file work_34.cif (mmCIF, C-alpha atoms and all ligand atoms)
data_entry
#
loop_
_atom_site.label_atom_id
_atom_site.label_comp_id
_atom_site.auth_asym_id
_atom_site.auth_seq_id
_atom_site.Cartn_x
_atom_site.Cartn_y
_atom_site.Cartn_z
CA MET A 28 108.42 75.71 77.88
CA THR A 29 106.41 78.85 78.40
CA PRO A 30 102.89 77.96 79.45
CA MET A 31 100.26 78.50 76.81
CA VAL A 32 97.68 81.17 77.35
CA THR A 33 94.15 80.22 76.61
CA PHE A 34 92.92 83.38 74.94
CA PRO A 35 91.25 82.79 71.59
CA GLU A 36 93.70 83.08 68.71
CA THR A 37 91.92 85.98 67.08
CA TYR A 38 93.39 88.77 69.12
CA TRP A 39 95.80 87.38 71.56
CA LYS A 40 97.99 85.13 69.46
CA GLN A 41 99.94 84.04 72.52
CA ARG A 42 101.96 87.19 72.69
CA LYS A 43 102.20 89.66 75.49
CA LEU A 44 99.29 92.00 75.84
CA SER A 45 99.75 95.36 74.24
CA ARG A 46 99.09 98.62 76.01
CA ARG A 47 95.76 98.98 74.22
CA GLU A 48 94.64 95.49 75.19
CA ARG A 49 95.61 96.12 78.79
CA THR A 50 93.66 99.37 78.85
CA ALA A 51 90.69 97.63 77.26
CA LEU A 52 90.77 94.93 79.96
CA ARG A 53 91.12 97.56 82.67
CA ASP A 54 88.08 99.39 81.34
CA THR A 55 86.13 96.13 81.18
CA ALA A 56 87.02 95.45 84.83
CA ALA A 57 85.95 98.96 85.79
CA TYR A 58 82.71 98.54 83.88
CA ILE A 59 81.84 95.25 85.60
CA LEU A 60 82.80 96.48 89.07
CA GLN A 61 81.19 99.92 88.81
CA PRO A 62 78.91 100.32 91.84
CA GLU A 63 75.41 101.66 91.41
CA HIS A 64 76.20 104.31 93.96
CA GLY A 65 78.95 105.20 96.36
CA ARG A 66 82.64 104.72 96.00
CA GLY A 67 83.86 102.08 93.57
CA ARG A 68 87.01 100.00 93.50
CA ALA A 69 90.26 101.78 92.79
CA VAL A 70 90.44 100.14 89.36
CA CYS A 71 87.32 102.09 88.38
CA ALA A 72 89.28 105.33 88.73
CA CYS A 73 92.45 104.13 87.05
CA GLY A 74 93.31 106.34 84.07
CA HIS A 75 90.98 109.11 85.23
CA LEU A 76 92.17 112.61 86.00
CA GLY A 77 94.02 113.33 89.19
CA LYS A 78 92.41 115.87 91.50
CA GLY A 79 93.28 119.39 90.48
CA SER A 80 95.07 118.51 87.23
CA GLU A 81 94.39 121.02 84.50
CA THR A 82 96.16 119.23 81.72
CA VAL A 83 97.10 115.68 80.88
CA ALA A 84 100.46 115.08 79.24
CA LEU A 85 100.60 112.32 76.64
CA ILE A 86 103.89 110.50 76.61
CA LEU A 87 105.59 108.03 74.32
CA ARG A 88 107.98 105.73 76.16
CA LYS A 89 111.19 104.28 74.79
CA ASP A 90 109.53 100.90 74.32
CA GLY A 91 106.97 102.45 71.99
CA THR A 92 104.03 102.38 74.40
CA ALA A 93 102.00 105.50 75.02
CA GLY A 94 100.86 106.70 78.43
CA THR A 95 99.83 109.74 80.41
CA LEU A 96 101.08 111.95 83.19
CA GLY A 97 98.59 113.63 85.48
CA THR A 98 96.14 110.72 85.60
CA LEU A 99 95.45 108.36 88.49
CA ARG A 100 96.93 104.88 88.70
CA CYS A 101 95.16 102.34 90.87
CA GLY A 102 98.23 100.12 91.27
CA SER A 103 96.15 96.99 91.76
CA PRO A 104 98.15 93.86 90.97
CA TRP A 105 94.98 91.75 91.05
CA LEU A 106 92.31 93.77 89.29
CA CYS A 107 94.00 96.13 86.90
CA ALA A 108 95.44 94.76 83.68
CA ASP A 109 97.19 98.07 83.17
CA CYS A 110 98.90 98.31 86.57
CA ALA A 111 99.61 94.61 87.13
CA PRO A 112 102.61 94.39 84.77
CA LEU A 113 104.34 97.27 86.54
CA LYS A 114 103.71 95.68 89.93
CA ALA A 115 104.94 92.32 88.71
CA GLN A 116 108.07 93.86 87.25
CA GLN A 117 108.87 95.55 90.56
CA ARG A 118 108.30 92.32 92.43
CA LEU A 119 110.57 90.37 90.12
CA GLU A 120 113.34 92.90 90.48
CA ARG A 121 113.06 92.46 94.24
CA LEU A 122 113.13 88.69 93.92
CA GLN A 123 116.13 88.85 91.61
CA LYS A 124 118.05 90.73 94.30
CA LEU A 125 116.92 88.21 96.85
CA ALA A 126 118.10 85.29 94.72
CA ASP A 127 121.49 86.95 94.18
CA ALA A 128 121.86 87.54 97.90
CA LEU A 129 120.87 83.97 98.71
CA VAL A 130 123.44 82.58 96.27
CA ALA A 131 126.06 84.94 97.73
CA VAL A 132 125.65 83.41 101.20
CA ASN A 133 125.50 79.87 99.76
CA GLY A 134 121.90 79.51 100.88
CA LYS A 135 119.39 76.93 99.67
CA MET A 136 115.85 77.17 98.38
CA ALA A 137 112.91 74.81 97.93
CA SER A 138 109.61 75.43 96.22
CA ILE A 139 106.49 74.10 97.98
CA THR A 140 103.08 74.41 96.39
CA VAL A 141 100.00 73.72 98.51
CA THR A 142 96.37 73.45 97.55
CA VAL A 143 93.11 71.79 98.61
CA SER A 144 90.54 69.57 96.88
CA HIS A 145 87.85 71.69 95.31
CA GLY A 146 84.92 71.51 92.93
CA ARG A 147 82.72 73.81 90.94
CA GLU A 148 80.56 74.41 93.99
CA SER A 149 83.48 75.58 96.18
CA SER A 150 83.57 79.29 96.78
CA LEU A 151 86.88 81.06 96.20
CA MET A 152 86.66 82.63 99.64
CA ASN A 153 86.34 79.24 101.32
CA VAL A 154 89.21 77.51 99.56
CA LYS A 155 91.45 80.53 99.98
CA ASN A 156 90.74 80.79 103.71
CA ALA A 157 91.25 77.07 104.22
CA ILE A 158 94.63 77.04 102.47
CA GLU A 159 95.93 80.22 104.03
CA THR A 160 94.88 79.23 107.52
CA ALA A 161 96.33 75.72 107.32
CA SER A 162 99.58 77.00 105.83
CA ARG A 163 99.92 79.63 108.53
CA SER A 164 99.11 77.20 111.33
CA ALA A 165 101.67 74.73 109.98
CA ARG A 166 104.31 77.43 110.29
CA GLN A 167 103.56 78.35 113.90
CA GLY A 168 104.21 76.98 117.35
CA GLU A 169 106.99 74.98 118.94
CA PRO A 170 107.27 72.21 116.33
CA TRP A 171 107.83 74.79 113.59
CA ASN A 172 110.34 76.71 115.73
CA ARG A 173 112.31 73.50 116.27
CA GLN A 174 112.32 72.76 112.54
CA LYS A 175 113.32 76.33 111.81
CA LYS A 176 116.33 75.98 114.05
CA LEU A 177 117.20 72.52 112.71
CA HIS A 178 117.17 73.69 109.11
CA ALA A 179 118.59 77.15 109.73
CA VAL A 180 115.63 78.81 108.06
CA ILE A 181 116.21 82.28 106.66
CA GLY A 182 112.59 82.87 105.78
CA VAL A 183 109.56 81.88 103.73
CA LEU A 184 108.14 83.65 100.67
CA SER A 185 104.54 83.15 99.63
CA ALA A 186 103.03 83.73 96.21
CA PRO A 187 99.28 83.04 96.16
CA GLU A 188 97.72 82.33 92.77
CA VAL A 189 94.32 81.43 91.46
CA THR A 190 93.03 79.93 88.25
CA TYR A 191 89.61 78.67 87.27
CA SER A 192 88.63 75.53 85.43
CA TYR A 193 85.27 74.67 83.92
CA THR A 194 85.33 71.23 85.50
CA ASN A 195 86.87 71.89 88.93
CA GLY A 196 86.10 75.50 89.72
CA TRP A 197 88.50 77.79 91.57
CA HIS A 198 92.00 76.50 91.93
CA PHE A 199 93.63 78.58 94.62
CA HIS A 200 97.16 77.60 95.57
CA ILE A 201 100.20 79.10 97.24
CA HIS A 202 103.74 78.80 95.95
CA HIS A 203 105.97 78.95 99.00
CA SER A 204 109.71 79.33 98.76
CA PHE A 205 111.60 78.10 101.81
CA LEU A 206 115.02 79.72 102.17
CA THR A 207 117.64 78.16 104.43
CA GLU A 208 121.31 78.50 105.25
CA ASN A 209 123.68 76.04 103.60
CA SER A 210 123.48 73.69 106.61
CA GLY A 211 119.70 73.36 106.26
CA ASN A 212 117.66 71.04 104.06
CA PRO A 213 114.72 73.04 102.70
CA GLU A 214 113.40 70.05 100.78
CA ALA A 215 113.12 67.88 103.91
CA LEU A 216 111.55 70.81 105.72
CA GLY A 217 109.11 71.16 102.83
CA HIS A 218 107.95 67.56 103.17
CA TRP A 219 107.56 67.98 106.92
CA PHE A 220 105.57 71.17 106.36
CA VAL A 221 103.23 69.55 103.82
CA GLN A 222 102.36 66.74 106.26
CA ARG A 223 101.54 69.25 108.97
CA TYR A 224 99.62 71.43 106.52
CA LEU A 225 97.46 68.45 105.50
CA ARG A 226 96.65 67.67 109.14
CA TYR A 227 95.49 71.24 109.76
CA LEU A 228 93.36 71.16 106.61
CA GLU A 229 91.73 67.93 107.72
CA LYS A 230 91.04 69.37 111.17
CA ALA A 231 89.23 72.24 109.49
CA GLY A 232 87.07 69.80 107.56
CA PHE A 233 88.83 69.96 104.19
CA ILE A 234 90.53 67.26 102.24
CA ALA A 235 93.58 67.37 100.05
CA ASP A 236 95.57 64.80 98.16
CA LEU A 237 99.23 64.51 99.15
CA ARG A 238 100.08 64.15 95.46
CA SER A 239 98.61 67.57 94.70
CA GLN A 240 101.16 69.22 96.96
CA GLU A 241 104.53 69.71 95.33
CA VAL A 242 107.92 69.93 96.98
CA SER A 243 111.06 70.47 94.96
CA LEU A 244 114.56 71.65 95.63
CA ILE A 245 115.55 74.67 93.54
CA ARG A 246 119.10 73.97 92.35
CA ASP A 247 119.64 77.40 90.88
CA PRO A 248 117.60 80.15 92.59
CA ARG A 249 118.68 82.73 90.04
CA SER A 250 117.41 80.85 87.05
CA TYR A 251 114.27 79.92 88.97
CA ILE A 252 113.62 83.64 89.34
CA ARG A 253 114.48 84.13 85.68
CA TYR A 254 111.98 81.41 84.87
CA LEU A 255 109.35 83.40 86.74
CA ARG A 256 110.51 86.51 84.95
CA LYS A 257 109.76 84.97 81.56
CA GLY A 258 106.09 85.23 82.27
CA VAL A 259 106.20 88.91 83.09
CA GLY A 260 105.42 90.29 79.67
CA ARG A 261 102.39 88.13 79.48
CA ILE A 262 99.79 89.49 81.71
CA THR A 263 98.11 86.21 82.47
CA ASN A 264 101.34 84.86 83.89
CA ASP A 265 102.23 87.94 85.82
CA VAL A 266 100.61 87.71 89.11
CA TRP A 267 99.92 84.06 88.81
CA SER A 268 103.24 82.87 87.48
CA GLY A 269 105.10 79.72 88.31
CA GLN A 270 102.76 77.19 86.77
CA LYS A 271 105.04 74.46 85.50
CA ASN A 272 102.62 71.95 84.12
CA ALA A 273 102.09 73.14 80.58
CA THR A 274 99.75 70.32 79.63
CA ARG A 275 97.24 71.32 82.26
CA GLN A 276 97.37 74.92 81.21
CA GLY A 277 94.80 74.71 78.46
CA LYS A 278 92.01 73.92 80.88
CA HIS A 279 92.85 76.66 83.35
CA LEU A 280 91.70 80.22 83.03
CA TYR A 281 93.77 82.95 84.59
CA PRO A 282 91.82 85.85 86.13
CA PHE A 283 92.36 88.09 83.13
CA ASP A 284 91.19 85.27 80.86
CA ILE A 285 87.94 85.35 82.82
CA LEU A 286 87.74 89.10 82.38
CA GLN A 287 88.40 88.76 78.69
CA ARG A 288 85.55 86.27 78.40
CA ALA A 289 83.21 88.45 80.45
CA SER A 290 81.92 90.39 77.44
CA GLY A 291 78.57 88.86 76.67
CA SER A 292 78.82 86.18 79.35
CA GLU A 293 76.92 86.53 82.62
CA PRO A 294 78.63 83.50 84.27
CA MET A 295 82.07 84.96 83.51
CA LYS A 296 81.00 88.34 84.90
CA ARG A 297 79.88 86.59 88.08
CA LEU A 298 83.22 84.80 88.37
CA TRP A 299 85.09 88.08 87.91
CA ARG A 300 83.00 89.75 90.60
CA GLU A 301 83.64 86.87 92.97
CA TYR A 302 87.36 87.05 92.27
CA ALA A 303 87.34 90.85 92.71
CA ALA A 304 85.60 90.51 96.07
CA VAL A 305 88.15 88.03 97.42
CA MET A 306 91.64 88.56 96.00
CA PRO A 307 92.54 92.27 96.32
CA GLY A 308 94.63 92.94 99.39
CA THR A 309 96.27 89.52 99.21
CA ARG A 310 99.99 90.10 99.44
CA SER A 311 102.51 88.24 97.41
CA CYS A 312 106.26 87.62 97.69
CA VAL A 313 106.74 89.87 100.68
CA ILE A 314 110.37 90.04 101.71
CA THR A 315 110.13 90.20 105.47
CA ARG A 316 112.39 92.30 107.63
CA SER A 317 114.18 89.26 108.98
CA ILE A 318 114.97 87.93 105.50
CA ALA A 319 116.17 91.37 104.47
CA ILE A 320 118.43 91.68 107.50
CA ARG A 321 119.93 88.20 107.13
CA LEU A 322 120.62 88.63 103.40
CA ASP A 323 121.50 92.29 103.69
CA ILE A 324 119.00 93.53 101.13
CA ARG A 325 116.40 96.24 101.33
CA PRO A 326 113.01 95.02 102.55
CA ASP A 327 109.87 95.44 100.50
CA ASP A 328 109.71 98.75 98.87
CA ASP A 329 107.09 99.80 96.46
CA CYS A 330 108.75 102.91 95.17
CA VAL A 331 107.68 103.43 91.61
CA LYS A 332 110.25 104.55 89.12
CA VAL A 333 108.30 105.85 86.19
CA GLU A 334 110.15 106.31 82.95
CA HIS A 335 108.67 109.46 81.60
CA GLY A 336 109.80 109.06 78.05
CA CYS A 337 109.06 111.77 75.57
CA ILE A 338 106.15 114.16 76.10
CA ALA A 339 104.15 114.39 72.89
CA GLY A 340 101.89 117.19 74.05
CA ASN A 341 99.25 118.27 76.55
CA LEU A 342 95.48 117.98 76.45
CA PRO A 343 93.08 120.07 78.54
CA ALA A 344 91.68 118.13 81.48
CA SER A 345 88.09 118.63 80.32
CA ILE A 346 88.84 117.00 76.96
CA TRP A 347 90.55 114.09 78.65
CA ALA A 348 87.62 113.63 81.04
CA THR A 349 85.22 113.36 78.12
CA LEU A 350 87.52 110.92 76.33
CA VAL A 351 87.58 108.76 79.47
CA ASN A 352 83.79 108.79 79.73
CA ARG A 353 83.43 107.88 76.08
CA LYS A 354 86.12 105.21 76.36
CA LYS A 355 88.11 106.90 73.63
CA THR A 356 91.43 107.36 75.43
CA ASN A 357 92.59 104.14 73.86
CA VAL A 358 92.03 105.57 70.40
CA ILE A 359 94.20 108.58 71.17
CA LEU A 360 96.98 106.58 72.82
CA SER A 361 96.94 104.03 69.99
CA LEU A 362 97.28 106.79 67.44
CA LEU A 363 100.30 108.13 69.35
CA GLU A 364 101.84 104.65 69.33
CA ASP A 365 101.19 104.17 65.64
CA ARG A 366 102.11 107.60 64.33
CA GLY A 367 104.66 108.83 66.84
CA VAL A 368 105.25 112.22 68.43
CA GLU A 369 105.54 113.86 65.02
CA ALA A 370 101.81 113.35 64.51
CA TRP A 371 100.87 115.44 67.54
CA GLN A 372 98.93 117.94 65.45
CA GLN A 373 96.68 115.18 64.15
CA ILE A 374 96.39 113.46 67.54
CA ASN A 375 95.53 116.75 69.18
CA SER A 376 92.75 117.58 66.72
CA LEU A 377 91.31 114.08 66.90
CA ALA A 378 91.36 114.28 70.72
CA HIS A 379 89.49 117.58 70.57
CA ALA A 380 87.00 116.16 68.08
CA LEU A 381 86.34 113.00 70.10
CA GLY A 382 86.48 114.79 73.45
CA ALA A 383 84.29 117.75 72.60
CA LYS A 384 80.91 117.96 74.27
CA ALA A 385 78.94 118.00 71.00
CA ALA A 386 77.82 114.92 69.14
CA LEU A 387 80.69 112.85 67.85
CA ASN A 388 79.74 112.16 64.27
CA VAL A 389 78.96 115.72 63.32
CA GLU A 390 82.21 116.98 64.79
CA LEU A 391 84.22 114.37 63.00
CA LYS A 392 82.74 115.10 59.62
CA ASP A 393 82.66 118.84 59.92
CA GLU A 394 85.96 119.69 61.46
CA LEU A 395 88.35 117.13 60.19
CA PRO A 396 88.74 116.11 56.61
CA GLU A 397 88.60 112.41 55.94
CA GLU A 398 92.24 112.05 54.92
CA GLN A 399 93.48 113.43 58.23
CA ILE A 400 91.82 110.88 60.43
CA PRO A 401 92.53 107.24 59.83
CA ILE A 402 88.91 106.38 60.56
CA ASN A 403 89.26 102.74 59.57
CA GLN A 404 91.78 102.32 62.38
CA PHE A 405 88.90 102.77 64.75
CA GLU A 406 86.75 100.13 63.20
CA TYR A 407 86.76 96.48 63.96
CA ARG A 408 85.51 94.21 61.21
CA PRO A 409 86.14 90.58 62.05
CA SER A 410 85.69 88.20 59.10
CA ALA A 411 83.00 85.54 58.98
CA ALA A 412 85.73 82.91 59.33
CA GLN A 413 87.03 84.59 62.48
CA ILE A 414 83.62 84.56 64.14
CA ALA A 415 82.92 81.01 63.01
CA GLY A 416 86.31 79.86 64.29
CA LEU A 417 85.76 81.47 67.67
CA ALA A 418 82.24 80.02 67.87
CA LEU A 419 83.56 76.53 67.12
CA HIS A 420 86.09 76.98 69.88
CA LEU A 421 83.43 78.20 72.32
CA LYS A 422 81.01 75.43 71.44
CA TRP A 423 82.93 72.99 73.65
CA HIS A 424 82.26 75.09 76.71
CA LEU A 425 78.53 75.12 76.13
CA SER A 426 76.01 72.38 76.55
CA GLY A 427 72.47 71.64 75.46
CA LYS A 428 70.58 71.59 72.20
CA GLU A 429 70.93 75.31 71.60
CA ARG A 430 74.67 75.37 71.85
CA ASN A 431 75.36 75.99 68.15
CA GLY A 432 73.29 79.15 68.00
CA GLU A 433 74.50 80.13 71.43
CA ALA A 434 78.16 79.76 70.43
CA ILE A 435 77.81 82.16 67.53
CA LYS A 436 75.91 84.64 69.67
CA VAL A 437 78.55 84.54 72.40
CA ALA A 438 81.33 84.85 69.81
CA LEU A 439 79.71 87.97 68.37
CA ASP A 440 79.03 89.40 71.82
CA ARG A 441 82.60 88.89 72.83
CA GLU A 442 84.07 90.49 69.73
CA ARG A 443 81.65 93.38 70.10
CA GLY A 444 82.55 93.79 73.77
CA HIS A 445 86.20 94.09 72.94
CA ALA A 446 85.64 96.48 70.11
CA VAL A 447 83.68 98.70 72.47
CA ALA A 448 86.24 98.44 75.23
CA SER A 449 88.98 99.39 72.78
CA GLY A 450 87.07 102.38 71.52
CA LEU A 451 86.40 100.76 68.14
CA THR A 452 83.19 100.61 66.18
CA PHE A 453 82.06 97.06 65.61
CA PHE A 454 80.92 95.81 62.23
CA PRO A 455 79.73 92.20 62.30
CA PRO A 456 80.29 90.00 59.27
CA ASN A 457 77.42 88.59 57.26
CA ILE A 458 75.71 86.07 59.54
CA LYS A 459 74.82 83.79 56.64
CA ASP A 460 78.52 83.43 55.86
CA VAL A 461 79.30 82.76 59.52
CA LEU A 462 76.65 80.02 59.68
CA GLU A 463 77.93 78.45 56.48
CA ILE A 464 81.55 78.33 57.62
CA TYR A 465 80.49 77.23 61.10
CA GLY A 466 78.38 74.42 59.64
CA ASN A 467 81.35 73.40 57.56
CA ASP A 468 83.54 73.04 60.67
CA GLY A 469 85.42 76.25 60.12
CA VAL A 470 86.29 75.55 56.48
CA TYR A 471 85.09 77.75 53.67
CA PRO A 472 82.65 75.98 51.36
CA SER A 473 84.61 74.81 48.33
CA THR A 474 82.83 77.19 45.98
CA SER A 475 84.22 80.31 47.59
CA PRO A 476 87.93 81.11 47.57
CA LEU A 477 89.84 81.44 50.80
CA ALA A 478 89.81 84.95 52.15
ZN ZN B 501 95.28 100.56 87.38
#

call {"tool": "encode", "arguments": {"input": "work_34.cif", "output": "structure tokens"}}
result
Amino acid sequence: MTPMVTFPETYWKQRKLSRRERTALRDTAAYILQPEHGRGRAVCACGHLGKGSETVALILRKDGTAGTLGTLRCGSPWLCADCAPLKAQQRLERLQKLADALVAVNGKMASITVTVSHGRESSLMNVKNAIETASRSARQGEPWNRQKKLHAVIGVLSAPEVTYSYTNGWHFHIHHSFLTENSGNPEALGHWFVQRYLRYLEKAGFIADLRSQEVSLIRDPRSYIRYLRKGVGRITNDVWSGQKNATRQGKHLYPFDILQRASGSEPMKRLWREYAAVMPGTRSCVITRSIAIRLDIRPDDDCVKVEHGCIAGNLPASIWATLVNRKKTNVILSLLEDRGVEAWQQINSLAHALGAKAALNVELKDELPEEQIPINQFEYRPSAAQIAGLALHLKWHLSGKERNGEAIKVALDRERGHAVASGLTFFPPNIKDVLEIYGNDGVYPSTSPLA
């Protein structure tokens, strides 16, 4: 079963994130990580103009998503919701080749997941260091070399992941894949490795339960990779895929879940900043030279094949820059997705209206007649029931006497945050209605009909 994603139903509906949602999350990340001065993180520049570009080409890809040529891409698999899917797709293609090659030589594979005991007070940096160091130490020295020979080890892949839970804090773990020749026993090696890993952890002053470390033989490497692939469309499973325990899923937040909750929540913003300080630069699923040589595949390559799709038209760089600053690029790209290349005239004039230096409202009213611009597409008007439903859901994560009022406030903040990040104008529902539905446990009072 595909793991459930814990986004609130209202916008995510357990489907893969759309281009506009990814861009909205990217902009939220950039907003939170924007430094007061000096150079920011690469994600803060993602989607901005490349140096020296005079125009930006708007493209519509075959899959119906809109994009740009001539803008910067940060390429961060950890921080950027817009770049992560591309990175994950490239990685999975690499892994698919690896699995094919392993099957071709009759090799074997075991999956070993290691972690450490942690609590809400544990810092991500500490648990990550502890796990990485113990895992590395357990795969060094004479004992490991002897085991390697005994089990005819081809190589080890590592996929670090992190989730967060309200009760237990950061859950950092590494999914290792041990690859051996047919004569080896990767499962036995896995059990040996886990014992040694636990001893190193203990030496470093950490504890871990043997039962929290998983070792399993992968009977069919190709379908294991396909299983990982399933998560690709869904951004929360991308970088952190491989979670098999669906029942535990509900309590775990993936990094982009944290980001999504960061609108109107200081604790979530803090968690995102902590994550952003620790995880970038962590490499995942690196196919080493020795694995590549043994299996006769190409080692890690990050060459990006961009499908250009169809160019809808070009916008002047200055217009694009203003759209970026006003967080309106999403509006333009969404319009291209909704209306297609044929609507370029309309898209172009809206881009000029929204991207012009003068005040927005005046420009909109004066230059473009109402019927040309689908203004209501750029509004977000959640219903009272939507806000009440979200607040009831949030209530369980809050504590204290004030939690009812707090839940509604956070629900509104969050919806507003996402409207803003998506370039939409937010119109809150009538608060009296929200309170009434909320007080009635999410059900409309019997006097009013269901909306
Ligand atoms: Zn990016």

call {"tool": "residues_near_ligand", "arguments": {"input": "work_34.cif", "ligand": "ligand ZN 501 (chain B)", "cutoff": "8 Å", "atoms": "only C-alpha atoms and all ligand atoms", "output": "list in words"}}
result
Arg53, Ala69, Val70, Ala72, Cys73, Gly74, Leu99, Arg100, Cys101, Gly102, Ser103, Leu106, Cys107, Ala108, Asp109, Cys110 and Ala111 of chain A

call {"tool": "atom_distance", "arguments": {"input": "work_34.cif", "atom1": "atom CA of A:Ile158", "atom2": "atom CA of A:Leu228"}}
result
7.3 Å

call {"tool": "closest_residue", "arguments": {"input": "work_34.cif", "among": "A:Arg166, A:Ser192, A:Ile374, A:Val180", "to": "A:Leu298", "atoms": "all atoms listed in the file"}}
result
A:Ser192

call {"tool": "residues_near_point", "arguments": {"input": "work_34.cif", "point": "(87.4, 73.2, 93.8)", "cutoff": "7 Å", "atoms": "all atoms listed in the file", "output": "tab-separated table (two decimals) with C-alpha atoms, in the coordinates of the input"}}
result
chain	number	residue	atom	x	y	z
A	144	SER	CA	90.54	69.57	96.88
A	145	HIS	CA	87.85	71.69	95.31
A	146	GLY	CA	84.92	71.51	92.93
A	147	ARG	CA	82.72	73.81	90.94
A	148	GLU	CA	80.56	74.41	93.99
A	149	SER	CA	83.48	75.58	96.18
A	195	ASN	CA	86.87	71.89	88.93
A	196	GLY	CA	86.10	75.50	89.72
A	197	TRP	CA	88.50	77.79	91.57
A	198	HIS	CA	92.00	76.50	91.93

call {"tool": "residues_near_point", "arguments": {"input": "work_34.cif", "point": "(89.8, 112.2, 71.2)", "cutoff": "9 Å", "atoms": "only C-alpha atoms", "output": "PyMOL selection string"}}
result
chain A and resi 346-347+349-350+355-359+374-383

call {"tool": "write_last_selection", "arguments": {"input": "work_34.cif", "atoms": "C-alpha atoms", "output": "PDB file, in the frame of the given file"}}
result
ATOM      1  CA  ILE A 346      88.840 117.000  76.960  1.00  0.00           C
ATOM      2  CA  TRP A 347      90.550 114.090  78.650  1.00  0.00           C
ATOM      3  CA  THR A 349      85.220 113.360  78.120  1.00  0.00           C
ATOM      4  CA  LEU A 350      87.520 110.920  76.330  1.00  0.00           C
ATOM      5  CA  LYS A 355      88.110 106.900  73.630  1.00  0.00           C
ATOM      6  CA  THR A 356      91.430 107.360  75.430  1.00  0.00           C
ATOM      7  CA  ASN A 357      92.590 104.140  73.860  1.00  0.00           C
ATOM      8  CA  VAL A 358      92.030 105.570  70.400  1.00  0.00           C
ATOM      9  CA  ILE A 359      94.200 108.580  71.170  1.00  0.00           C
ATOM     10  CA  ILE A 374      96.390 113.460  67.540  1.00  0.00           C
ATOM     11  CA  ASN A 375      95.530 116.750  69.180  1.00  0.00           C
ATOM     12  CA  SER A 376      92.750 117.580  66.720  1.00  0.00           C
ATOM     13  CA  LEU A 377      91.310 114.080  66.900  1.00  0.00           C
ATOM     14  CA  ALA A 378      91.360 114.280  70.720  1.00  0.00           C
ATOM     15  CA  HIS A 379      89.490 117.580  70.570  1.00  0.00           C
ATOM     16  CA  ALA A 380      87.000 116.160  68.080  1.00  0.00           C
ATOM     17  CA  LEU A 381      86.340 113.000  70.100  1.00  0.00           C
ATOM     18  CA  GLY A 382      86.480 114.790  73.450  1.00  0.00           C
ATOM     19  CA  ALA A 383      84.290 117.750  72.600  1.00  0.00           C
TER      20      ALA A 383
END

call {"tool": "residues_around", "arguments": {"input": "work_34.cif", "residues": "A:Ile86", "least_positions_apart": "5", "cutoff": "8 Å", "atoms": "only C-alpha atoms", "output": "list in words"}}
result
Ala93, Gly94, Thr95, Leu96, His335, Gly336, Cys337, Ile338, Ala339 and Gly340 of chain A

call {"tool": "residues_around", "arguments": {"input": "work_34.cif", "residues": "A:Ala434", "least_positions_apart": "3", "cutoff": "7 Å", "atoms": "all atoms listed in the file", "output": "PyMOL selection string"}}
result
chain A and resi 418+421-422+430-431+437-438

call {"tool": "closest_residue", "arguments": {"input": "work_34.cif", "among": "A:Ala84, A:Leu125, A:Val141, A:Ala446", "to": "A:Ala235", "atoms": "only C-alpha atoms"}}
result
A:Val141

call {"tool": "closest_residue", "arguments": {"input": "work_34.cif", "among": "A:Leu151, A:Ala289, A:Val130, A:Leu342", "to": "A:Tyr191", "atoms": "all atoms listed in the file"}}
result
A:Leu151

call {"tool": "closest_residue", "arguments": {"input": "work_34.cif", "among": "A:Gly134, A:Gly367, A:Gly432, A:Pro282", "to": "A:Arg88", "atoms": "only C-alpha atoms"}}
result
A:Gly367
